[in-house]
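S.K.: Input structure: work.txt, which contains compact mmCIF, C-alpha atoms.
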```
# COMPACT_ATOMS: atom_id res chain seq x y z
CA MET A 19 20.39 -16.82 -23.56
CA LYS A 20 23.10 -17.07 -20.93
CA ARG A 21 23.10 -14.86 -17.87
CA LYS A 22 26.14 -12.77 -18.77
CA THR A 23 24.85 -12.10 -22.28
CA ARG A 24 21.52 -11.05 -20.84
CA THR A 25 23.11 -8.66 -18.37
CA ARG A 26 25.33 -7.03 -21.01
CA PHE A 27 22.42 -6.64 -23.40
CA PHE A 28 20.41 -5.05 -20.60
CA LEU A 29 23.18 -2.56 -19.78
CA VAL A 30 23.34 -1.40 -23.39
CA SER A 31 19.60 -0.93 -23.76
CA ALA A 32 19.34 0.65 -20.27
CA SER A 33 21.77 3.39 -21.28
CA VAL A 34 19.64 4.13 -24.35
CA LEU A 35 16.53 4.18 -22.13
CA ALA A 36 18.24 6.52 -19.67
CA ALA A 37 19.16 8.93 -22.47
CA VAL A 38 15.57 8.98 -23.75
CA PHE A 39 14.25 9.48 -20.19
CA LEU A 40 16.50 12.43 -19.53
CA LEU A 41 15.61 14.06 -22.82
CA GLY A 42 11.92 13.71 -22.03
CA VAL A 43 12.23 14.85 -18.43
CA LEU A 44 14.02 18.08 -19.32
CA GLY A 45 10.87 19.20 -21.13
CA LEU A 46 8.84 19.27 -17.93
CA PRO A 47 8.47 22.54 -15.98
CA PRO A 48 11.26 22.87 -13.38
CA LEU A 49 10.45 21.87 -9.81
CA GLY A 50 8.25 24.33 -7.98
CA HIS A 51 6.75 26.12 -10.97
CA TYR A 52 3.49 24.27 -11.02
CA ARG A 53 1.33 25.53 -13.90
CA GLY A 54 -1.85 23.52 -14.19
CA PRO A 55 -5.23 25.11 -13.42
CA TYR A 56 -7.12 22.08 -12.16
CA GLY A 57 -5.44 21.87 -8.74
CA ASP A 58 -5.92 25.57 -8.07
CA VAL A 59 -9.62 25.36 -8.90
CA VAL A 60 -10.17 22.40 -6.56
CA ASN A 61 -8.18 24.06 -3.74
CA ALA A 62 -10.21 27.24 -4.03
CA LEU A 63 -13.53 25.39 -3.90
CA THR A 64 -13.05 22.97 -0.99
CA VAL A 65 -14.12 25.23 1.88
CA PRO A 66 -16.65 27.63 0.31
CA GLU A 67 -18.56 25.11 -1.74
CA ARG A 68 -18.34 21.77 0.09
CA HIS A 69 -17.42 22.84 3.65
CA VAL A 70 -14.61 20.28 3.74
CA THR A 71 -11.10 21.16 4.89
CA ASP A 72 -9.07 18.27 3.42
CA ALA A 73 -8.78 18.76 -0.32
CA VAL A 74 -7.27 15.34 -1.05
CA THR A 75 -10.18 13.47 0.55
CA LEU A 76 -12.58 15.67 -1.36
CA VAL A 77 -10.93 14.80 -4.65
CA ASN A 78 -10.83 11.12 -3.76
CA PHE A 79 -14.41 10.66 -2.62
CA ASP A 80 -16.37 13.48 -4.19
CA VAL A 81 -14.82 15.12 -7.23
CA ARG A 82 -13.36 11.86 -8.57
CA GLY A 83 -15.44 9.45 -6.54
CA PHE A 84 -15.98 7.03 -9.39
CA ASP A 85 -12.26 6.26 -9.68
CA THR A 86 -12.10 5.43 -5.98
CA LEU A 87 -15.04 3.07 -6.45
CA GLY A 88 -13.02 1.20 -9.07
CA GLU A 89 -9.95 1.15 -6.84
CA GLU A 90 -11.91 -0.27 -3.91
CA TYR A 91 -13.23 -3.02 -6.14
CA ILE A 92 -9.69 -3.77 -7.33
CA LEU A 93 -8.74 -4.35 -3.68
CA PHE A 94 -11.79 -6.52 -3.10
CA THR A 95 -11.23 -8.65 -6.20
CA SER A 96 -7.56 -9.12 -5.48
CA VAL A 97 -8.22 -10.33 -1.90
CA MET A 98 -10.79 -12.75 -3.30
CA ALA A 99 -8.26 -13.99 -5.89
CA VAL A 100 -5.59 -14.58 -3.24
CA ALA A 101 -8.04 -16.53 -1.09
CA LEU A 102 -8.98 -18.57 -4.16
CA LEU A 103 -5.37 -19.27 -5.16
CA LEU A 104 -4.27 -20.41 -1.73
CA ARG A 105 -7.22 -22.62 -0.86
CA ARG A 106 -6.72 -26.23 0.02
CA GLN A 107 -6.97 -28.32 -3.15
CA ARG A 108 -9.12 -31.41 -3.40
CA ASP A 109 -6.17 -33.82 -3.59
CA GLU A 110 -4.26 -32.34 -0.65
CA PRO A 111 -5.00 -34.13 2.62
CA ARG A 112 -5.30 -32.03 5.71
CA ARG A 113 -1.83 -32.30 7.20
CA ARG A 114 -1.13 -32.49 10.87
CA HIS A 115 1.09 -29.72 12.08
CA ARG A 116 4.40 -31.46 12.68
CA ASP A 117 7.00 -30.19 15.00
CA HIS A 118 10.13 -29.82 12.91
CA ALA A 119 12.59 -29.71 15.77
CA PRO A 120 11.32 -32.12 18.42
CA GLY A 121 12.98 -31.74 21.75
CA ARG A 122 13.43 -27.98 21.51
CA LYS A 123 10.89 -25.66 23.03
CA GLY A 124 9.31 -23.16 20.71
CA VAL A 125 10.15 -19.50 21.27
CA GLU A 126 7.42 -17.95 23.39
CA ALA A 127 6.72 -14.27 23.33
CA SER A 128 8.45 -12.52 26.21
CA ASP A 129 6.50 -10.63 28.84
CA ALA A 130 7.55 -7.25 27.48
CA VAL A 131 6.16 -8.07 24.04
CA ARG A 132 2.89 -9.28 25.49
CA VAL A 133 2.35 -6.23 27.68
CA VAL A 134 3.21 -3.77 24.94
CA SER A 135 0.98 -5.56 22.43
CA LEU A 136 -1.89 -5.56 24.89
CA VAL A 137 -1.63 -1.81 25.42
CA LEU A 138 -1.07 -1.03 21.76
CA SER A 139 -3.99 -3.09 20.43
CA GLY A 140 -6.56 -0.92 22.13
CA ILE A 141 -4.81 2.28 21.12
CA LEU A 142 -4.61 1.09 17.50
CA VAL A 143 -8.33 0.35 17.30
CA THR A 144 -9.21 3.77 18.71
CA PHE A 145 -6.75 5.54 16.45
CA GLY A 146 -8.00 3.63 13.41
CA ILE A 147 -11.60 4.64 14.08
CA TYR A 148 -10.46 8.25 14.61
CA VAL A 149 -8.61 8.34 11.29
CA VAL A 150 -11.57 6.80 9.42
CA THR A 151 -14.18 9.21 10.77
CA HIS A 152 -12.09 12.39 10.49
CA GLY A 153 -11.21 11.87 6.84
CA GLN A 154 -12.72 15.09 5.62
CA LEU A 155 -11.13 17.30 8.29
CA THR A 156 -7.50 16.19 8.59
CA PRO A 157 -5.25 13.91 6.53
CA GLY A 158 -6.69 10.44 6.73
CA GLY A 159 -9.72 8.72 5.36
CA GLY A 160 -11.08 5.28 4.73
CA PHE A 161 -7.97 3.58 3.33
CA GLN A 162 -5.44 4.64 5.92
CA GLY A 163 -7.79 4.05 8.84
CA GLY A 164 -8.82 0.66 7.50
CA VAL A 165 -5.23 -0.55 7.31
CA ILE A 166 -4.53 0.73 10.84
CA LEU A 167 -7.58 -1.17 12.10
CA ALA A 168 -6.38 -4.35 10.42
CA THR A 169 -3.02 -4.30 12.21
CA ALA A 170 -4.63 -4.55 15.66
CA PRO A 171 -5.37 -8.33 15.45
CA LEU A 172 -1.91 -8.75 13.95
CA LEU A 173 -0.40 -7.49 17.20
CA MET A 174 -2.39 -10.15 19.02
CA TYR A 175 -0.85 -12.79 16.77
CA VAL A 176 2.64 -11.42 17.44
CA ALA A 177 2.05 -11.61 21.19
CA GLY A 178 1.20 -15.28 20.90
CA GLU A 179 -2.45 -15.03 21.92
CA PHE A 180 -3.78 -17.38 19.27
CA GLU A 181 -7.12 -18.02 20.94
CA ASN A 182 -7.83 -14.31 21.28
CA PHE A 183 -6.68 -13.75 17.70
CA ARG A 184 -9.13 -16.33 16.39
CA ARG A 185 -11.88 -14.92 18.56
CA ALA A 186 -11.22 -11.32 17.48
CA VAL A 187 -11.32 -12.07 13.77
CA PRO A 188 -13.80 -14.90 13.18
CA ARG A 189 -13.92 -15.79 9.51
CA GLN A 190 -17.61 -15.22 8.93
CA LEU A 191 -17.71 -11.79 10.57
CA VAL A 192 -14.74 -10.56 8.59
CA HIS A 193 -16.17 -11.79 5.27
CA ILE A 194 -19.50 -10.11 6.03
CA ALA A 195 -17.81 -6.84 6.99
CA GLU A 196 -15.77 -6.80 3.79
CA ALA A 197 -18.79 -7.51 1.60
CA LEU A 198 -20.88 -4.87 3.38
CA GLY A 199 -18.22 -2.25 2.85
CA ALA A 200 -17.78 -3.11 -0.81
CA CYS A 201 -21.47 -2.97 -1.68
CA GLY A 202 -22.08 0.04 0.57
CA TYR A 203 -20.18 2.33 -1.75
CA GLY A 204 -22.22 1.25 -4.77
CA LEU A 205 -25.46 1.54 -2.79
CA ILE A 206 -24.63 5.13 -1.80
CA GLY A 207 -24.14 5.92 -5.46
CA LEU A 208 -27.46 4.37 -6.37
CA ALA A 209 -29.18 6.18 -3.49
CA THR A 210 -27.95 9.55 -4.75
CA MET A 211 -29.27 8.61 -8.16
CA ALA A 212 -32.66 7.82 -6.62
CA ALA A 213 -32.61 11.19 -4.85
CA GLY A 214 -32.56 12.95 -8.19
CA GLY A 215 -28.87 13.56 -8.94
CA ALA A 216 -26.19 11.78 -10.91
CA PHE A 217 -24.44 8.60 -9.71
CA LEU A 218 -22.34 9.48 -6.61
CA GLN A 219 -23.28 13.15 -6.73
CA ASN A 220 -23.01 14.85 -3.35
CA THR A 221 -26.71 15.43 -2.58
CA LEU A 222 -26.76 15.38 1.25
CA PRO A 223 -26.61 18.71 3.15
CA PHE A 224 -23.06 19.95 3.55
CA GLY A 225 -23.06 20.87 7.24
CA THR A 226 -20.68 23.27 8.98
CA THR A 227 -16.97 23.41 8.22
CA GLY A 228 -14.87 21.66 10.82
CA SER A 229 -17.40 19.32 12.35
CA ILE A 230 -17.58 15.59 11.72
CA VAL A 231 -20.92 15.83 9.96
CA SER A 232 -19.78 17.90 7.01
CA GLY A 233 -19.27 17.27 3.35
CA GLY A 234 -22.49 15.45 2.50
CA THR A 235 -21.89 11.85 1.47
CA ILE A 236 -18.14 11.89 2.28
CA PRO A 237 -18.36 10.56 5.90
CA LEU A 238 -20.63 7.72 4.80
CA ILE A 239 -18.32 6.72 1.99
CA ASP A 240 -15.37 6.95 4.42
CA LEU A 241 -17.07 4.51 6.79
CA SER A 242 -17.88 1.99 4.09
CA VAL A 243 -14.37 2.15 2.60
CA GLY A 244 -12.82 1.76 6.06
CA LEU A 245 -14.98 -1.31 6.71
CA GLU A 246 -14.05 -2.84 3.39
CA VAL A 247 -10.30 -2.24 3.64
CA SER A 248 -10.00 -3.51 7.22
CA GLY A 249 -12.13 -6.55 6.40
CA GLY A 250 -10.14 -7.27 3.24
CA LEU A 251 -6.76 -7.10 4.96
CA ALA A 252 -8.02 -9.24 7.85
CA VAL A 253 -9.15 -11.87 5.32
CA LEU A 254 -5.68 -11.73 3.73
CA LEU A 255 -4.06 -12.24 7.15
CA ILE A 256 -6.30 -15.20 7.98
CA VAL A 257 -5.74 -16.86 4.59
CA TYR A 258 -1.96 -16.65 4.86
CA MET A 259 -1.83 -17.60 8.52
CA GLU A 260 -4.18 -20.57 8.40
CA GLU A 261 -1.54 -22.83 7.01
CA THR A 262 1.39 -21.45 8.94
CA LEU A 263 -0.20 -21.17 12.36
CA GLU A 264 1.62 -23.54 14.68
CA HIS A 265 -0.73 -24.25 17.54
CA LYS A 266 0.76 -24.63 20.94
CA GLU A 267 -2.09 -26.86 22.12
CA GLU A 268 -1.81 -29.56 19.43
CA MET B 19 19.39 21.37 -9.87
CA SER B 20 15.68 21.93 -10.10
CA TYR B 21 15.40 18.81 -12.27
CA LEU B 22 16.87 16.58 -9.55
CA PRO B 23 13.61 14.76 -8.58
CA TYR B 24 12.98 13.76 -12.20
CA VAL B 25 16.50 12.41 -12.59
CA ILE B 26 16.13 10.51 -9.31
CA ALA B 27 12.85 9.00 -10.57
CA ALA B 28 14.59 7.76 -13.72
CA TRP B 29 17.47 6.38 -11.60
CA ILE B 30 15.10 4.45 -9.31
CA PHE B 31 13.33 2.97 -12.34
CA LEU B 32 16.57 1.76 -13.91
CA VAL B 33 17.98 0.36 -10.66
CA GLY B 34 14.77 -1.58 -10.02
CA LEU B 35 14.83 -2.89 -13.57
CA TYR B 36 18.42 -4.08 -13.13
CA GLY B 37 17.47 -5.92 -9.94
CA LEU B 38 14.51 -7.47 -11.74
CA ILE B 39 16.57 -8.80 -14.63
CA THR B 40 19.42 -10.27 -12.58
CA SER B 41 17.17 -11.86 -9.98
CA ARG B 42 17.44 -15.44 -8.72
CA HIS B 43 14.40 -15.65 -6.50
CA LEU B 44 10.80 -14.94 -7.41
CA VAL B 45 10.10 -12.97 -4.21
CA HIS B 46 13.16 -10.78 -4.83
CA LEU B 47 11.79 -10.13 -8.31
CA ILE B 48 8.43 -9.04 -6.94
CA ILE B 49 10.02 -6.63 -4.48
CA CYS B 50 12.06 -5.06 -7.29
CA LEU B 51 8.79 -4.58 -9.16
CA SER B 52 7.47 -2.58 -6.21
CA VAL B 53 10.63 -0.45 -6.29
CA ILE B 54 9.94 0.33 -9.96
CA GLN B 55 6.42 1.37 -8.98
CA SER B 56 7.79 3.71 -6.33
CA SER B 57 9.65 5.69 -9.00
CA THR B 58 6.28 6.93 -10.27
CA TYR B 59 5.50 8.33 -6.81
CA VAL B 60 8.63 10.46 -6.86
CA LEU B 61 7.78 11.77 -10.32
CA LEU B 62 4.18 12.61 -9.39
CA VAL B 63 5.02 14.35 -6.13
CA ALA B 64 7.60 16.48 -7.91
CA ILE B 65 5.13 17.52 -10.61
CA GLY B 66 2.55 18.79 -8.14
CA TYR B 67 4.95 20.73 -5.93
CA ARG B 68 4.93 24.52 -5.71
CA THR B 69 7.77 26.34 -3.95
CA GLY B 70 6.82 27.92 -0.65
CA ALA B 71 3.27 26.52 -0.66
CA ALA B 72 1.51 24.65 2.14
CA ALA B 73 -0.16 21.25 2.20
CA PRO B 74 -3.73 21.20 0.78
CA VAL B 75 -5.38 20.86 4.19
CA PHE B 76 -7.23 24.02 5.21
CA ALA B 77 -8.02 23.08 8.81
CA ASP B 78 -5.78 25.72 10.34
CA ILE B 79 -4.81 27.99 7.46
CA PRO B 80 -7.27 30.36 5.83
CA PRO B 81 -8.67 29.09 2.53
CA GLY B 82 -6.98 30.92 -0.28
CA THR B 83 -3.34 30.49 0.78
CA PRO B 84 -1.30 28.95 -2.05
CA ALA B 85 -1.24 25.18 -1.71
CA VAL B 86 0.30 22.33 -3.66
CA ASP B 87 -1.77 20.33 -6.11
CA SER B 88 -4.30 18.02 -4.48
CA VAL B 89 -5.45 16.13 -7.57
CA VAL B 90 -1.99 14.65 -8.12
CA GLN B 91 -1.90 13.57 -4.48
CA ALA B 92 -5.25 11.80 -4.83
CA VAL B 93 -3.82 9.89 -7.80
CA MET B 94 -0.78 8.93 -5.73
CA LEU B 95 -2.99 7.58 -2.95
CA THR B 96 -4.73 5.30 -5.44
CA ASP B 97 -1.32 4.25 -6.73
CA VAL B 98 -0.07 3.22 -3.27
CA VAL B 99 -3.15 1.10 -2.55
CA VAL B 100 -3.03 -0.63 -5.92
CA GLU B 101 0.67 -1.43 -5.41
CA VAL B 102 0.02 -3.51 -2.30
CA THR B 103 -2.87 -5.24 -4.05
CA VAL B 104 -0.73 -6.24 -7.02
CA VAL B 105 2.10 -7.44 -4.77
CA ALA B 106 -0.30 -9.61 -2.75
CA LEU B 107 -1.59 -11.28 -5.88
CA LEU B 108 1.89 -11.82 -7.32
CA LEU B 109 3.11 -13.36 -4.06
CA ALA B 110 0.21 -15.81 -4.14
CA PHE B 111 1.27 -16.72 -7.68
CA ALA B 112 4.85 -17.26 -6.52
CA VAL B 113 3.70 -19.57 -3.71
CA GLN B 114 1.60 -21.62 -6.14
CA THR B 115 4.49 -21.82 -8.63
CA HIS B 116 6.73 -23.19 -5.92
CA LYS B 117 4.12 -25.76 -5.01
CA ARG B 118 3.75 -27.01 -8.59
CA HIS B 119 7.33 -26.84 -9.87
CA GLY B 120 9.37 -27.10 -6.69
CA THR B 121 11.64 -24.13 -7.47
CA VAL B 122 11.60 -20.36 -7.04
CA ASP B 123 14.46 -19.62 -9.43
CA PRO B 124 13.16 -17.82 -12.55
CA ASP B 125 15.99 -19.22 -14.63
CA GLN B 126 14.83 -22.76 -14.01
CA LEU B 127 11.18 -22.17 -14.77
CA ARG B 128 11.58 -22.61 -18.48
CA ALA B 129 8.93 -24.76 -20.05
CA LEU B 130 5.31 -24.08 -19.18
CA ARG B 131 4.02 -27.49 -18.40
CA GLY B 132 0.28 -27.86 -18.48
CA MET C 7 16.61 26.46 -5.91
CA LEU C 8 15.95 23.30 -4.05
CA PRO C 9 16.11 23.61 -0.25
CA LEU C 10 18.82 21.49 1.30
CA ILE C 11 16.59 19.05 3.16
CA GLN C 12 14.60 18.11 0.09
CA ALA C 13 17.74 17.42 -1.92
CA MET C 14 19.18 15.31 0.92
CA VAL C 15 16.03 13.19 1.29
CA LEU C 16 15.93 12.64 -2.47
CA LEU C 17 19.51 11.36 -2.44
CA PHE C 18 18.73 9.05 0.49
CA VAL C 19 15.75 7.63 -1.41
CA ALA C 20 17.94 7.00 -4.47
CA ALA C 21 20.51 5.18 -2.33
CA GLY C 22 17.74 3.21 -0.60
CA ALA C 23 16.34 2.01 -3.92
CA ALA C 24 19.78 0.77 -4.97
CA VAL C 25 20.18 -1.08 -1.66
CA VAL C 26 16.77 -2.76 -2.00
CA ALA C 27 17.49 -3.97 -5.52
CA LEU C 28 20.94 -5.28 -4.65
CA THR C 29 20.00 -7.23 -1.50
CA ARG C 30 19.70 -10.82 -2.65
CA ASP C 31 18.26 -12.62 0.35
CA PRO C 32 14.46 -12.10 0.44
CA VAL C 33 14.18 -12.18 4.26
CA ALA C 34 16.72 -9.39 4.64
CA GLN C 35 15.11 -7.59 1.74
CA ALA C 36 11.76 -7.50 3.53
CA LEU C 37 13.28 -5.42 6.33
CA VAL C 38 15.17 -3.21 3.90
CA VAL C 39 12.00 -2.51 1.93
CA SER C 40 10.25 -1.53 5.15
CA PHE C 41 12.95 1.05 5.84
CA TYR C 42 12.73 2.23 2.22
CA GLY C 43 8.98 2.74 2.69
CA LEU C 44 9.72 4.92 5.71
CA LEU C 45 12.20 6.98 3.67
CA LEU C 46 9.56 7.48 0.98
CA ALA C 47 7.08 8.62 3.63
CA ILE C 48 9.59 11.21 4.85
CA LEU C 49 10.03 12.35 1.24
CA PHE C 50 6.30 12.83 0.82
CA PHE C 51 6.11 14.72 4.10
CA VAL C 52 8.90 17.09 3.11
CA PHE C 53 7.14 17.75 -0.21
CA GLN C 54 3.93 18.80 1.57
CA ALA C 55 1.82 15.66 0.97
CA PRO C 56 0.64 14.44 4.42
CA ASP C 57 -2.21 12.24 3.23
CA VAL C 58 0.01 10.24 0.90
CA SER C 59 2.70 10.05 3.59
CA LEU C 60 0.24 8.47 6.05
CA SER C 61 -0.88 6.00 3.42
CA GLN C 62 2.68 5.10 2.51
CA ILE C 63 3.65 4.47 6.14
CA VAL C 64 0.80 2.09 6.87
CA ILE C 65 1.02 0.26 3.57
CA GLY C 66 4.64 0.37 2.51
CA ALA C 67 6.25 -0.06 5.92
CA VAL C 68 3.72 -2.36 7.61
CA ALA C 69 1.48 -4.28 5.24
CA LEU C 70 4.00 -4.93 2.45
CA PRO C 71 6.83 -6.51 4.53
CA LEU C 72 4.20 -8.49 6.44
CA MET C 73 2.90 -10.10 3.25
CA ILE C 74 6.41 -10.78 2.00
CA LEU C 75 7.36 -12.57 5.21
CA LEU C 76 4.15 -14.59 5.23
CA ALA C 77 4.74 -15.73 1.64
CA LEU C 78 8.33 -16.70 2.48
CA THR C 79 7.14 -18.72 5.49
CA LYS C 80 4.68 -20.57 3.32
CA ILE C 81 7.36 -21.37 0.74
CA LYS C 82 9.70 -22.68 3.44
CA LYS C 83 6.93 -24.84 4.88
CA GLN C 84 6.24 -26.30 1.45
CA GLU C 85 9.92 -27.14 1.09
CA HIS C 86 9.86 -28.96 4.43
CA GLU C 87 6.81 -30.94 3.35
CA LYS C 88 8.44 -31.91 0.08
CA LYS C 89 11.47 -33.27 1.85
CA ASP C 90 9.37 -35.70 3.90
```
Rewrite the coordinates I just gave you, this time as structure tokens.

M.R.:
Amino acid sequence: MKRKTRTRFFLVSASVLAAVFLLGVLGLPPLGHYRGPYGDVVNALTVPERHVTDAVTLVNFDVRGFDTLGEEYILFTSVMAVALLLRRQRDEPRRRHRDHAPGRKGVEASDAVRVVSLVLSGILVTFGIYVVTHGQLTPGGGFQGGVILATAPLLMYVAGEFENFRRAVPRQLVHIAEALGACGYGLIGLATMAAGGAFLQNTLPFGTTGSIVSGGTIPLIDLSVGLEVSGGLAVLLIVYMEETLEHKEE
Amino acid sequence: MSYLPYVIAAWIFLVGLYGLITSRHLVHLIICLSVIQSSTYVLLVAIGYRTGAAAPVFADIPPGTPAVDSVVQAVMLTDVVVEVTVVALLLAFAVQTHKRHGTVDPDQLRALRG
Amino acid sequence: MLPLIQAMVLLFVAAGAAVVALTRDPVAQALVVSFYGLLLAILFFVFQAPDVSLSQIVIGAVALPLMILLALTKIKKQEHEKKD
């Protein structure tokens, strides 16, 4: 089918789709008149029953903890699939990194970039650990903190410190961290089953509201998810950058 | 006027779909797919909203004040994480396709050669 | 009645989506999608969803454009190698 025909056909069917959408959407309750009972029940129970102040983290890791287990494994499997897809094939020789514009110096990172990256790397690691551990008190949790932690070595790469980048994220350590985080979540579920409850039931003592040690199993699950997400994203970075890293020393 | 977020969600979906169909580069196609996914975020956040309510974090407000729905927000968090996962995998596919067939134009990737 | 700021942010998001879909060059589109992710994060913040807003900032404005640019670099490198 030619391009123009395809575009015209799409415009006709898109107008039909838009009409059906608008008809369906007008049946929803208008904005602001939220009706459903489930959210109100969960909001009323976060502090008195579980001693946790962030309702979204409670829903993610306690009330609907099994869904988050599946989502973490989706992330893990997808990182593994990307690493598998982009591996060096058997018939591809290991190519030397060629300089594509000989005679021109490569662009080095300026001093301002290097200083700012140096300062920001440390701040990012601290902030990432803070967000991971305070998931049940303030907005945050394992996923957000894990991604923040994974951008710290990226800043090192941007500043041009390739040796430090390779030393900060050695392949083996990152793979081990990711695997530990992924199986940690399942092991916590099995441990709660061994302690006499259901799979992933919150059986640890709930602690006092507002302190870090509150909410039972939620801080432990936060830590393991943070480890897994930061390890997974670091593996993704290394896999993509292995082929495109132009070494200054070679 | 109070149905504006739902209409905007439908608009974002259709605009992303248009970009997807008239695309000439596989990476552009994948980014339009992520725009289509973002229309679901707008729809979900509008469904859970309650006028005049606070965020569902009770660290500094007494428990019992009216808050917006927290279950819908947990679903949206899962949605955001899965989006980046899917995009990473699709980009790896695009890179492999370019290696095997030498082109990133979807119009020229006709026959599936073994 | 919708407060003014929420309606304005919604219209900005709609315009941003149109701009992302109509930018043809993928390198430019990576930057535009990063800005669109920031607009979405502001939308979530205005609609009282701070957890989702934090998640959207770190993923949609940092991790997503990063992966797009890395994939584009790899494709360009493969094109160079094919030419030799």

S.K.: Check every residue of chain A for an atom within 6 Å of chain C, counting only C-alpha atoms, and provide those that qualify as a compact mmCIF listing (two decimals) with C-alpha atoms, in the coordinates of the input.

M.R.:
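Output file result-v6.txt is given in full below:
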```txt
# COMPACT_ATOMS: atom_id res chain seq x y z
CA PRO A 157 -5.25 13.91 6.53
CA GLY A 158 -6.69 10.44 6.73
CA GLN A 162 -5.44 4.64 5.92
```

S.K.: Nearest to B:Ser57: which of C:Ile11, C:Arg30, C:Val19, C:Leu37 is it, counting only C-alpha atoms?

M.R.: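 Once distances to B:Ser57 are computed over only C-alpha atoms, the minimum belongs to C:Val19.
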
S.K.: When you look at stretch 230-240 of chain A with a cut-off of 7 Å (counting all atoms listed in the file), what residues show up, excluding the ones that are within fewer than 5 positions of it in the same chain? I need them as a PyMOL selection string.

M.R.: chain A and resi 68-70+79-80+150-153+159-160+203+220-225

S.K.: As a list in words, please: the residues near B:Leu51 (cut-off 8 Å, all atoms listed in the file, same-chain neighbours under 2 positions excluded).

M.R.: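 Near neighbours after the sequence-gap exclusion: Gly34, Leu35, Leu38, Leu47, Ile48, Ile49, Val53, Ile54 and Gln55 of chain B.
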
S.K.: Quick one: of C:Ala27, C:Val39, C:Ala34, C:Leu78, who's nearest to chain B, counting all atoms listed in the file?

M.R.: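 That would be C:Ala27, the residue with the smallest distance to chain B.
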
S.K.: Nearest to chain B: which of C:Leu75, C:Ile81, C:Val25, C:Met14 is it, counting all atoms listed in the file?

M.R.: C:Ile81
